[in-house]
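As structure tokens, the structure follows; a few thoughts come after it.
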Amino acid sequence: MKQLSMWEATSNKKKQRSSLSGNEECDVVIIGGGFTGLSTAYHLQKKNVKTIVLEKSYLGSGASGRNGGQILTGFIDSMSSLAKKKGLETAKQMLQMSLDSIDLIERISKDHHIACSFKRSGHIYAAYKPTHIDWLKKEQKILEKDFNYKVRVLDKQDLQAELKTDFYHGGCIDENSATYHPFNYVLGLAETVEKLGGRIFENSEALEIIKSSNGKVTIMTEDGRVTADHLVIVTNAYSGNLHKTISRSVIPVESIMIATEQLPEELVSKLIPKDRAVFDTKHMLYYFRRTPDNRIAFGGSGRSLSGDTAPLYLKLKEGMDNVFPELKKYTAEFCWSGKVGFTKEMLPYIGQLEDGTHFAFGYAGHGAAMSTLMGKLLAGNILSENNGKNPFEKNNLRPIPFYSQHGKVVGLMKYYFKVKDAIS
């Protein structure tokens with residue numbers, strides 16, 4: 001297996017961008033060149049607000065270019081659970097925002113001719129245990145009754161028309177989700193930002209934030225500085241120690257992926273006939289899909305502490321072969337990992353801190369969908385255009401308990417979830 005993201009290996013042509021050098025000025029400086037940062041720049045540039053994006057490495061090197069390419073409805077928590085926690089009306093608003101996020105990606109991709117293979121083919125939420133079907137049916141009824149939202153629950157036999165496997169015991173079909181090539185979306189969105197007049201600097205790590213008495217902020221890099229009226233930090237699970245309030249409010253959890261060699265088209269068409277995104281009901285879940293070039297991209301949980309990753313990728317290949325025995329004779333050509341950001345509530349946070357810093361992070365595996373919308377909302381916050389309270393707004397960030405020991409805590413959680421998957 002090549003230790004390389006399949007998305008990067010199969011991407012459109014990448015543009016080489018320079019690093020920041022010397023002194024620059026703009027209206028808004030954005031730290032983080034992923035979906036959220038580029039979307040923020042895009043929506044600001046459309047209003048003729050001058051932006052500069054600083055990316056520590058290269059665009060797409062973080063979660064935005066390393067995810068599963070599944071643009072999913074909803075959140076990691078069920079809508080019935082969110083209704084209990086947040087109230088039904090707030091939960092309805094959250095669901096609508098998740099649907100809006102997919103519409104937004106589709107509209108941007110079409111309007112600017114971004115070649116990212118966007119396809120609205122829906123998703124399958126696959127039942128790992130027979131008992132999980134009962135839960136899916138309960139959730140289906142709640143979604144239809146309380147949210148006026150329709151999904152379909154299939155038993156094991158009917159699932160065969162959607163997913164050619166005996167590994168699962170049924171599933172739930174949601175027609176509104178989509179898939180895309182995430183790295184190509186990053187590249188296309190970045191080029192669109194630059195066409196609108198925004199500037200992007202790669203290999204330009206933000207090292208220090210300096211606040212001036214006149215209200216402006218200066219970001220220092222190794223070879224330059226940017227002075228701006230507003231600061232946006234959207235580094236999510238890759239936040240480091242630049243802004244401690246933000247970095248201590250998000251827990252990074254590693255996820256790993258493999259992708260097969262190119263497969264016969266008749267085989268991938270048989271395994272996932274309707275080209276849907278798939279994820280399952282295990283706590284230590286699998287998520288997978290077909291790719292535009294006839295591979296199966298298959299993901300799962302990574303390590304919580306440092307160590308050799310090779311056994312994890314082999315174990316993931318074994319899991320893929322358990323789901324699809326026909327793939328045993330095919331090799332996994334690519335393997336890669338990335339960090340997923342989680343907040344204490346396992347919901348995205350967006351807001352502005354007392355020091356003026358704007359932020360958004362913590363997508364908990366749903367960033368492929370929500371992050372573009374969050375960028376639009378950040379732009380609206382800066383321009384004071386947003387009406388009404390955002391259900392994800394969190395202007396008072398508190399450090400996650402035991403943050404300094406988060407690696408050990410995540411390791412214990414993963415062990416606990418493995419046990420729950422075995423007995424549930």
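Within each chain, counting starts at residue 1; across the structure tokens, chains are named A, B, ... in the order shown, with ligands numbered 1 upward in that order.
For Leu136 in chain A, the set of protein, DNA and RNA residues having any atom at most 8 Å away, when counting only C-alpha atoms and skipping those fewer than 2 positions along the same chain, is A:His132, A:Ile133, A:Asp134, A:Lys138, A:Glu139, A:Gln140, A:Val153, A:Gly171, A:Cys172.
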Need the shell around range 352-366 of chain A: protein/DNA/RNA residues with any atom at most 8 Å away, counting only C-alpha atoms. Skip same-chain ones fewer than 6 positions apart. Format as a PyMOL selection string?
chain A and resi 36+71-72+74-76+230-237+246+250+340-343+346+374-375+378+394-397
Take the selection from the previous step and output its residues with N, CA and C atoms, as a PDB file, in the first residue's frame.
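What landed in part07.pdb:
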```pdb
ATOM      1  N   THR A  36     -13.632  25.220   5.346  1.00  0.00           N
ATOM      2  CA  THR A  36     -14.209  26.351   6.073  1.00  0.00           C
ATOM      3  C   THR A  36     -13.493  27.651   5.737  1.00  0.00           C
ATOM      4  N   ILE A  71     -20.898  13.571   1.633  1.00  0.00           N
ATOM      5  CA  ILE A  71     -21.564  14.814   2.044  1.00  0.00           C
ATOM      6  C   ILE A  71     -22.915  14.422   2.625  1.00  0.00           C
ATOM      7  N   LEU A  72     -22.960  14.238   3.928  1.00  0.00           N
ATOM      8  CA  LEU A  72     -24.089  13.569   4.574  1.00  0.00           C
ATOM      9  C   LEU A  72     -25.064  14.534   5.228  1.00  0.00           C
ATOM     10  N   GLY A  74     -27.664  15.405   8.325  1.00  0.00           N
ATOM     11  CA  GLY A  74     -27.676  15.127   9.754  1.00  0.00           C
ATOM     12  C   GLY A  74     -26.326  15.318  10.424  1.00  0.00           C
ATOM     13  N   PHE A  75     -26.208  14.668  11.610  1.00  0.00           N
ATOM     14  CA  PHE A  75     -25.039  14.834  12.456  1.00  0.00           C
ATOM     15  C   PHE A  75     -24.684  13.496  13.083  1.00  0.00           C
ATOM     16  N   ILE A  76     -23.622  13.454  13.859  1.00  0.00           N
ATOM     17  CA  ILE A  76     -23.210  12.204  14.469  1.00  0.00           C
ATOM     18  C   ILE A  76     -24.272  11.720  15.464  1.00  0.00           C
ATOM     19  N   HIS A 230      -9.936  41.830  10.801  1.00  0.00           N
ATOM     20  CA  HIS A 230     -10.603  40.675  11.417  1.00  0.00           C
ATOM     21  C   HIS A 230      -9.736  39.438  11.277  1.00  0.00           C
ATOM     22  N   LEU A 231      -9.842  38.552  12.279  1.00  0.00           N
ATOM     23  CA  LEU A 231      -9.109  37.286  12.294  1.00  0.00           C
ATOM     24  C   LEU A 231     -10.096  36.129  12.346  1.00  0.00           C
ATOM     25  N   VAL A 232      -9.886  35.138  11.473  1.00  0.00           N
ATOM     26  CA  VAL A 232     -10.667  33.897  11.469  1.00  0.00           C
ATOM     27  C   VAL A 232      -9.703  32.737  11.655  1.00  0.00           C
ATOM     28  N   ILE A 233      -9.968  31.883  12.625  1.00  0.00           N
ATOM     29  CA  ILE A 233      -9.176  30.663  12.830  1.00  0.00           C
ATOM     30  C   ILE A 233     -10.080  29.463  12.580  1.00  0.00           C
ATOM     31  N   VAL A 234      -9.741  28.673  11.567  1.00  0.00           N
ATOM     32  CA  VAL A 234     -10.563  27.518  11.184  1.00  0.00           C
ATOM     33  C   VAL A 234      -9.637  26.330  10.915  1.00  0.00           C
ATOM     34  N   THR A 235      -8.875  25.982  11.929  1.00  0.00           N
ATOM     35  CA  THR A 235      -7.902  24.892  11.816  1.00  0.00           C
ATOM     36  C   THR A 235      -8.419  23.572  12.385  1.00  0.00           C
ATOM     37  N   ASN A 236      -9.587  23.602  13.029  1.00  0.00           N
ATOM     38  CA  ASN A 236     -10.293  22.398  13.461  1.00  0.00           C
ATOM     39  C   ASN A 236      -9.384  21.447  14.248  1.00  0.00           C
ATOM     40  N   ALA A 237      -9.259  20.195  13.825  1.00  0.00           N
ATOM     41  CA  ALA A 237      -8.486  19.206  14.582  1.00  0.00           C
ATOM     42  C   ALA A 237      -6.977  19.411  14.454  1.00  0.00           C
ATOM     43  N   ILE A 246      -9.117  28.025  21.637  1.00  0.00           N
ATOM     44  CA  ILE A 246      -9.690  27.217  20.565  1.00  0.00           C
ATOM     45  C   ILE A 246      -9.123  25.804  20.585  1.00  0.00           C
ATOM     46  N   VAL A 250     -11.335  21.548  21.180  1.00  0.00           N
ATOM     47  CA  VAL A 250     -11.568  20.551  20.142  1.00  0.00           C
ATOM     48  C   VAL A 250     -10.647  19.363  20.367  1.00  0.00           C
ATOM     49  N   VAL A 340     -10.105  13.999  12.777  1.00  0.00           N
ATOM     50  CA  VAL A 340     -11.488  14.461  12.858  1.00  0.00           C
ATOM     51  C   VAL A 340     -11.632  15.267  14.142  1.00  0.00           C
ATOM     52  N   GLY A 341     -12.264  16.440  14.075  1.00  0.00           N
ATOM     53  CA  GLY A 341     -12.415  17.285  15.253  1.00  0.00           C
ATOM     54  C   GLY A 341     -13.748  17.077  15.945  1.00  0.00           C
ATOM     55  N   PHE A 342     -13.687  16.875  17.264  1.00  0.00           N
ATOM     56  CA  PHE A 342     -14.884  16.695  18.082  1.00  0.00           C
ATOM     57  C   PHE A 342     -14.932  17.762  19.172  1.00  0.00           C
ATOM     58  N   THR A 343     -16.114  18.313  19.418  1.00  0.00           N
ATOM     59  CA  THR A 343     -16.324  19.190  20.562  1.00  0.00           C
ATOM     60  C   THR A 343     -16.924  18.370  21.701  1.00  0.00           C
ATOM     61  N   MET A 346     -20.186  17.161  20.685  1.00  0.00           N
ATOM     62  CA  MET A 346     -20.153  16.437  19.409  1.00  0.00           C
ATOM     63  C   MET A 346     -21.002  17.135  18.354  1.00  0.00           C
ATOM     64  N   MET A 374     -20.548  26.673   7.137  1.00  0.00           N
ATOM     65  CA  MET A 374     -19.972  27.414   8.259  1.00  0.00           C
ATOM     66  C   MET A 374     -19.116  28.573   7.763  1.00  0.00           C
ATOM     67  N   GLY A 375     -18.412  28.368   6.656  1.00  0.00           N
ATOM     68  CA  GLY A 375     -17.653  29.466   6.076  1.00  0.00           C
ATOM     69  C   GLY A 375     -18.556  30.617   5.650  1.00  0.00           C
ATOM     70  N   LEU A 378     -19.644  32.375   8.814  1.00  0.00           N
ATOM     71  CA  LEU A 378     -18.564  33.207   9.352  1.00  0.00           C
ATOM     72  C   LEU A 378     -18.477  34.528   8.591  1.00  0.00           C
ATOM     73  N   LYS A 394     -21.461  29.481  19.717  1.00  0.00           N
ATOM     74  CA  LYS A 394     -20.867  29.188  21.024  1.00  0.00           C
ATOM     75  C   LYS A 394     -19.758  30.214  21.253  1.00  0.00           C
ATOM     76  N   ASN A 395     -20.107  31.331  21.849  1.00  0.00           N
ATOM     77  CA  ASN A 395     -19.140  32.409  22.003  1.00  0.00           C
ATOM     78  C   ASN A 395     -18.312  32.311  23.284  1.00  0.00           C
ATOM     79  N   ASN A 396     -18.681  31.412  24.161  1.00  0.00           N
ATOM     80  CA  ASN A 396     -17.923  31.224  25.405  1.00  0.00           C
ATOM     81  C   ASN A 396     -17.363  29.804  25.421  1.00  0.00           C
ATOM     82  N   LEU A 397     -16.164  29.649  24.908  1.00  0.00           N
ATOM     83  CA  LEU A 397     -15.551  28.326  24.827  1.00  0.00           C
ATOM     84  C   LEU A 397     -14.902  27.950  26.147  1.00  0.00           C
TER      85      LEU A 397
END
```
Report the distance between CA of Asp166 in chain A and CA of His123 in chain A in Å, rounded to one decimal place.
18.0 Å
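Rounded to one decimal, CA of Val49 in chain A and CA of Ala228 in chain A lie 11.2 Å from each other.
For the residues A:Leu196, A:Ala332, A:Leu242, A:Met79, ranking by smallest atom-to-atom distance to Ile210 in chain A using only C-alpha atoms places A:Leu242 first.
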A:His113, A:Arg225, A:Lys56, A:Lys47 ranked by distance to Gly240 in chain A, top pick (using only C-alpha atoms)
A:Lys56
Name the residues of range 55-177 of chain A that come out as alpha helix (DSSP H) in a backbone DSSP run; write them as a ChimeraX atom specification.
/A:79-86,88-111,130-147,156-159
Restrict the selected residues to N, CA and C atoms and save them as a compact mmCIF listing (two decimals), in the first residue's frame.
```
# COMPACT_ATOMS: atom_id res chain seq x y z
N MET A 79 -31.33 12.72 15.14
CA MET A 79 -32.20 13.88 15.25
C MET A 79 -33.16 13.75 16.43
N SER A 80 -33.57 12.53 16.75
CA SER A 80 -34.44 12.35 17.91
C SER A 80 -33.71 12.71 19.20
N SER A 81 -32.44 12.35 19.26
CA SER A 81 -31.63 12.69 20.43
C SER A 81 -31.39 14.19 20.52
N LEU A 82 -31.13 14.83 19.37
CA LEU A 82 -30.92 16.27 19.37
C LEU A 82 -32.19 17.02 19.76
N ALA A 83 -33.34 16.47 19.36
CA ALA A 83 -34.61 17.10 19.74
C ALA A 83 -34.79 17.07 21.26
N LYS A 84 -34.38 15.99 21.90
CA LYS A 84 -34.48 15.89 23.36
C LYS A 84 -33.51 16.85 24.04
N LYS A 85 -32.32 16.98 23.47
CA LYS A 85 -31.28 17.82 24.09
C LYS A 85 -31.49 19.31 23.83
N LYS A 86 -31.90 19.64 22.61
CA LYS A 86 -31.94 21.04 22.20
C LYS A 86 -33.35 21.60 22.02
N LEU A 88 -37.28 20.56 19.96
CA LEU A 88 -37.66 20.14 18.62
C LEU A 88 -37.41 21.24 17.58
N GLU A 89 -37.76 22.48 17.89
CA GLU A 89 -37.61 23.55 16.90
C GLU A 89 -36.15 23.79 16.55
N THR A 90 -35.27 23.73 17.55
CA THR A 90 -33.83 23.88 17.28
C THR A 90 -33.31 22.71 16.46
N ALA A 91 -33.76 21.50 16.79
CA ALA A 91 -33.34 20.32 16.04
C ALA A 91 -33.80 20.42 14.58
N LYS A 92 -35.02 20.93 14.36
CA LYS A 92 -35.50 21.13 12.99
C LYS A 92 -34.61 22.11 12.23
N GLN A 93 -34.20 23.17 12.92
CA GLN A 93 -33.31 24.16 12.30
C GLN A 93 -31.97 23.53 11.95
N MET A 94 -31.47 22.68 12.84
CA MET A 94 -30.19 21.99 12.58
C MET A 94 -30.28 21.09 11.35
N LEU A 95 -31.37 20.32 11.26
CA LEU A 95 -31.54 19.43 10.12
C LEU A 95 -31.62 20.23 8.83
N GLN A 96 -32.36 21.34 8.85
CA GLN A 96 -32.47 22.16 7.66
C GLN A 96 -31.12 22.73 7.25
N MET A 97 -30.30 23.09 8.23
CA MET A 97 -28.97 23.62 7.93
C MET A 97 -28.09 22.55 7.30
N SER A 98 -28.24 21.31 7.73
CA SER A 98 -27.45 20.24 7.13
C SER A 98 -27.87 20.02 5.68
N LEU A 99 -29.16 20.16 5.39
CA LEU A 99 -29.64 20.06 4.01
C LEU A 99 -29.17 21.26 3.19
N ASP A 100 -29.21 22.43 3.80
CA ASP A 100 -28.74 23.64 3.12
C ASP A 100 -27.26 23.54 2.76
N SER A 101 -26.50 22.87 3.63
CA SER A 101 -25.05 22.77 3.39
C SER A 101 -24.75 21.97 2.12
N ILE A 102 -25.55 20.94 1.87
CA ILE A 102 -25.35 20.14 0.65
C ILE A 102 -25.76 20.94 -0.57
N ASP A 103 -26.87 21.65 -0.46
CA ASP A 103 -27.32 22.51 -1.57
C ASP A 103 -26.26 23.55 -1.91
N LEU A 104 -25.61 24.10 -0.89
CA LEU A 104 -24.61 25.14 -1.09
C LEU A 104 -23.41 24.61 -1.86
N ILE A 105 -22.92 23.43 -1.49
CA ILE A 105 -21.79 22.82 -2.19
C ILE A 105 -22.15 22.55 -3.64
N GLU A 106 -23.36 22.03 -3.86
CA GLU A 106 -23.81 21.76 -5.22
C GLU A 106 -23.87 23.05 -6.04
N ARG A 107 -24.38 24.11 -5.44
CA ARG A 107 -24.52 25.37 -6.16
C ARG A 107 -23.16 25.99 -6.49
N ILE A 108 -22.25 26.00 -5.53
CA ILE A 108 -20.91 26.55 -5.77
C ILE A 108 -20.20 25.76 -6.86
N SER A 109 -20.29 24.43 -6.78
CA SER A 109 -19.62 23.57 -7.76
C SER A 109 -20.15 23.82 -9.16
N LYS A 110 -21.47 23.97 -9.28
CA LYS A 110 -22.07 24.20 -10.59
C LYS A 110 -21.79 25.61 -11.11
N ASP A 111 -21.94 26.60 -10.23
CA ASP A 111 -21.76 27.99 -10.65
C ASP A 111 -20.35 28.27 -11.15
N PRO A 130 -29.02 -7.08 14.17
CA PRO A 130 -30.47 -7.13 13.92
C PRO A 130 -31.26 -6.16 14.79
N THR A 131 -30.81 -5.97 16.03
CA THR A 131 -31.52 -5.05 16.93
C THR A 131 -31.45 -3.60 16.46
N HIS A 132 -30.44 -3.29 15.66
CA HIS A 132 -30.30 -1.92 15.17
C HIS A 132 -31.39 -1.54 14.18
N ILE A 133 -31.98 -2.55 13.54
CA ILE A 133 -33.09 -2.29 12.62
C ILE A 133 -34.28 -1.70 13.37
N ASP A 134 -34.55 -2.23 14.56
CA ASP A 134 -35.66 -1.71 15.37
C ASP A 134 -35.44 -0.24 15.69
N TRP A 135 -34.19 0.11 16.02
CA TRP A 135 -33.88 1.52 16.32
C TRP A 135 -34.06 2.39 15.08
N LEU A 136 -33.61 1.90 13.93
CA LEU A 136 -33.76 2.66 12.69
C LEU A 136 -35.23 2.90 12.36
N LYS A 137 -36.07 1.92 12.62
CA LYS A 137 -37.51 2.08 12.36
C LYS A 137 -38.13 3.12 13.29
N LYS A 138 -37.70 3.13 14.55
CA LYS A 138 -38.19 4.14 15.49
C LYS A 138 -37.77 5.54 15.04
N GLU A 139 -36.52 5.64 14.61
CA GLU A 139 -36.01 6.94 14.16
C GLU A 139 -36.76 7.39 12.90
N GLN A 140 -37.05 6.44 12.01
CA GLN A 140 -37.80 6.76 10.79
C GLN A 140 -39.16 7.38 11.13
N LYS A 141 -39.85 6.81 12.09
CA LYS A 141 -41.17 7.31 12.48
C LYS A 141 -41.07 8.71 13.07
N ILE A 142 -40.05 8.94 13.89
CA ILE A 142 -39.86 10.25 14.51
C ILE A 142 -39.54 11.30 13.45
N LEU A 143 -38.67 10.94 12.50
CA LEU A 143 -38.32 11.87 11.44
C LEU A 143 -39.54 12.28 10.62
N GLU A 144 -40.39 11.32 10.32
CA GLU A 144 -41.58 11.62 9.50
C GLU A 144 -42.61 12.41 10.30
N LYS A 145 -42.82 12.02 11.56
CA LYS A 145 -43.86 12.66 12.37
C LYS A 145 -43.44 14.06 12.84
N ASP A 146 -42.24 14.18 13.39
CA ASP A 146 -41.83 15.43 14.02
C ASP A 146 -41.07 16.37 13.09
N PHE A 147 -40.40 15.81 12.09
CA PHE A 147 -39.56 16.63 11.21
C PHE A 147 -40.09 16.72 9.77
N LYS A 156 -32.92 -7.03 5.73
CA LYS A 156 -31.70 -7.60 5.16
C LYS A 156 -31.88 -8.05 3.71
N GLN A 157 -33.01 -8.64 3.42
CA GLN A 157 -33.25 -9.12 2.06
C GLN A 157 -33.36 -7.96 1.07
N ASP A 158 -34.11 -6.93 1.43
CA ASP A 158 -34.29 -5.79 0.54
C ASP A 158 -33.02 -4.97 0.37
N LEU A 159 -32.15 -5.02 1.39
CA LEU A 159 -30.90 -4.26 1.30
C LEU A 159 -30.01 -4.76 0.16
```
Long-range neighbours of Asp280 in chain A as a ChimeraX atom specification, 8 Å cut-off, only C-alpha atoms, 4 positions minimum in chain
/A:124-128,285-287
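Take CA of Lys216 in chain A and CA of Asn241 in chain A: the distance between them is 21.2 Å.
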Running DSSP on the backbone, which parts of range 149-279 of chain A land in strand (DSSP E or B), as number ranges by chain?
A: 152-155, 170-174, 178-179, 199-201, 208-211, 217-220, 224-233, 251-260, 277-279
Identify, on the basis of only C-alpha atoms, every residue whose closest approach to range 6-17 of chain A does not exceed 6 Å; exclude the query and any residue fewer than 4 positions from it along the same chain; express the result as JSON, numbers by chain.
{"A": [183, 184, 202, 334]}
Write the residues of the selection above to a file with C-alpha atoms, as a PDB file, in the first residue's frame.
```
ATOM      1  CA  PHE A 183      -9.411  17.181  -2.864  1.00  0.00           C
ATOM      2  CA  ASN A 184     -10.686  18.435  -6.211  1.00  0.00           C
ATOM      3  CA  GLU A 202       0.791  27.867   1.409  1.00  0.00           C
ATOM      4  CA  PHE A 334      -3.558   3.562  -1.112  1.00  0.00           C
TER       5      PHE A 334
END
```
Would you kindly return, as a ChimeraX atom specification, each protein, DNA or RNA residue with an atom no farther than 9 Å from any atom of Ile209 in chain A, considering only C-alpha atoms and excluding same-chain residues fewer than 2 positions away?
/A:206-207,211,217-220,242-243
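Proximity of A:Met370, A:Ile200, A:Ala297, A:Leu59 to Met320 in chain A, computed with only C-alpha atoms, is greatest for A:Ala297.
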Set the distance at 10 Å and use only C-alpha atoms: which residues neighbour Arg289 in chain A once local chain neighbours fewer than 2 positions away are removed? I'd like the list as a PyMOL selection string.
chain A and resi 68-70+123+179+259+268+271-272+275-279+287+291-292+294-299
Take the residues from that selection and put them in a file with C-alpha atoms, as a PDB file, in the first residue's frame.
```pdb
ATOM      1  CA  GLY A  68     -14.296   9.957   2.785  1.00  0.00           C
ATOM      2  CA  GLY A  69     -15.921  12.311   0.295  1.00  0.00           C
ATOM      3  CA  GLN A  70     -19.362  11.712   1.824  1.00  0.00           C
ATOM      4  CA  HIS A 123     -26.613   7.385   1.664  1.00  0.00           C
ATOM      5  CA  THR A 179     -20.569  12.356  -2.705  1.00  0.00           C
ATOM      6  CA  ALA A 259      -8.616   2.513  -1.296  1.00  0.00           C
ATOM      7  CA  VAL A 268     -18.265  -2.009  -8.159  1.00  0.00           C
ATOM      8  CA  LEU A 271     -21.379  -4.109  -4.788  1.00  0.00           C
ATOM      9  CA  ILE A 272     -22.938  -0.622  -4.499  1.00  0.00           C
ATOM     10  CA  ASP A 275     -23.472   4.625  -5.934  1.00  0.00           C
ATOM     11  CA  ARG A 276     -24.560   5.636  -2.450  1.00  0.00           C
ATOM     12  CA  ALA A 277     -22.332   6.689   0.434  1.00  0.00           C
ATOM     13  CA  VAL A 278     -22.389   4.033   3.159  1.00  0.00           C
ATOM     14  CA  PHE A 279     -21.699   4.136   6.901  1.00  0.00           C
ATOM     15  CA  TYR A 287     -17.704   4.115   6.120  1.00  0.00           C
ATOM     16  CA  THR A 291     -15.095   6.369  -6.387  1.00  0.00           C
ATOM     17  CA  PRO A 292     -15.397   7.950  -9.851  1.00  0.00           C
ATOM     18  CA  ASN A 294     -14.041   2.480  -9.866  1.00  0.00           C
ATOM     19  CA  ARG A 295     -12.318   1.908  -6.543  1.00  0.00           C
ATOM     20  CA  ILE A 296     -13.768   1.214  -3.124  1.00  0.00           C
ATOM     21  CA  ALA A 297     -12.625   3.789  -0.554  1.00  0.00           C
ATOM     22  CA  PHE A 298     -13.052   2.317   2.919  1.00  0.00           C
ATOM     23  CA  GLY A 299     -12.557   4.064   6.259  1.00  0.00           C
TER      24      GLY A 299
END
```
Contacts of Gly33 in chain A within 7 Å, only C-alpha atoms, excl. fewer than 5 positions in-chain, as a PyMOL selection string:
chain A and resi 38+53-55+59
Could you write those residues out with C-alpha atoms, as a PDB file, in the first residue's frame?
```pdb
ATOM      1  CA  LEU A  38     -11.777  28.790   1.684  1.00  0.00           C
ATOM      2  CA  VAL A  53      -5.736  32.690   3.622  1.00  0.00           C
ATOM      3  CA  LEU A  54      -2.708  31.258   5.434  1.00  0.00           C
ATOM      4  CA  GLU A  55      -2.197  27.485   5.149  1.00  0.00           C
ATOM      5  CA  LEU A  59      -4.325  23.102   0.527  1.00  0.00           C
TER       6      LEU A  59
END
```
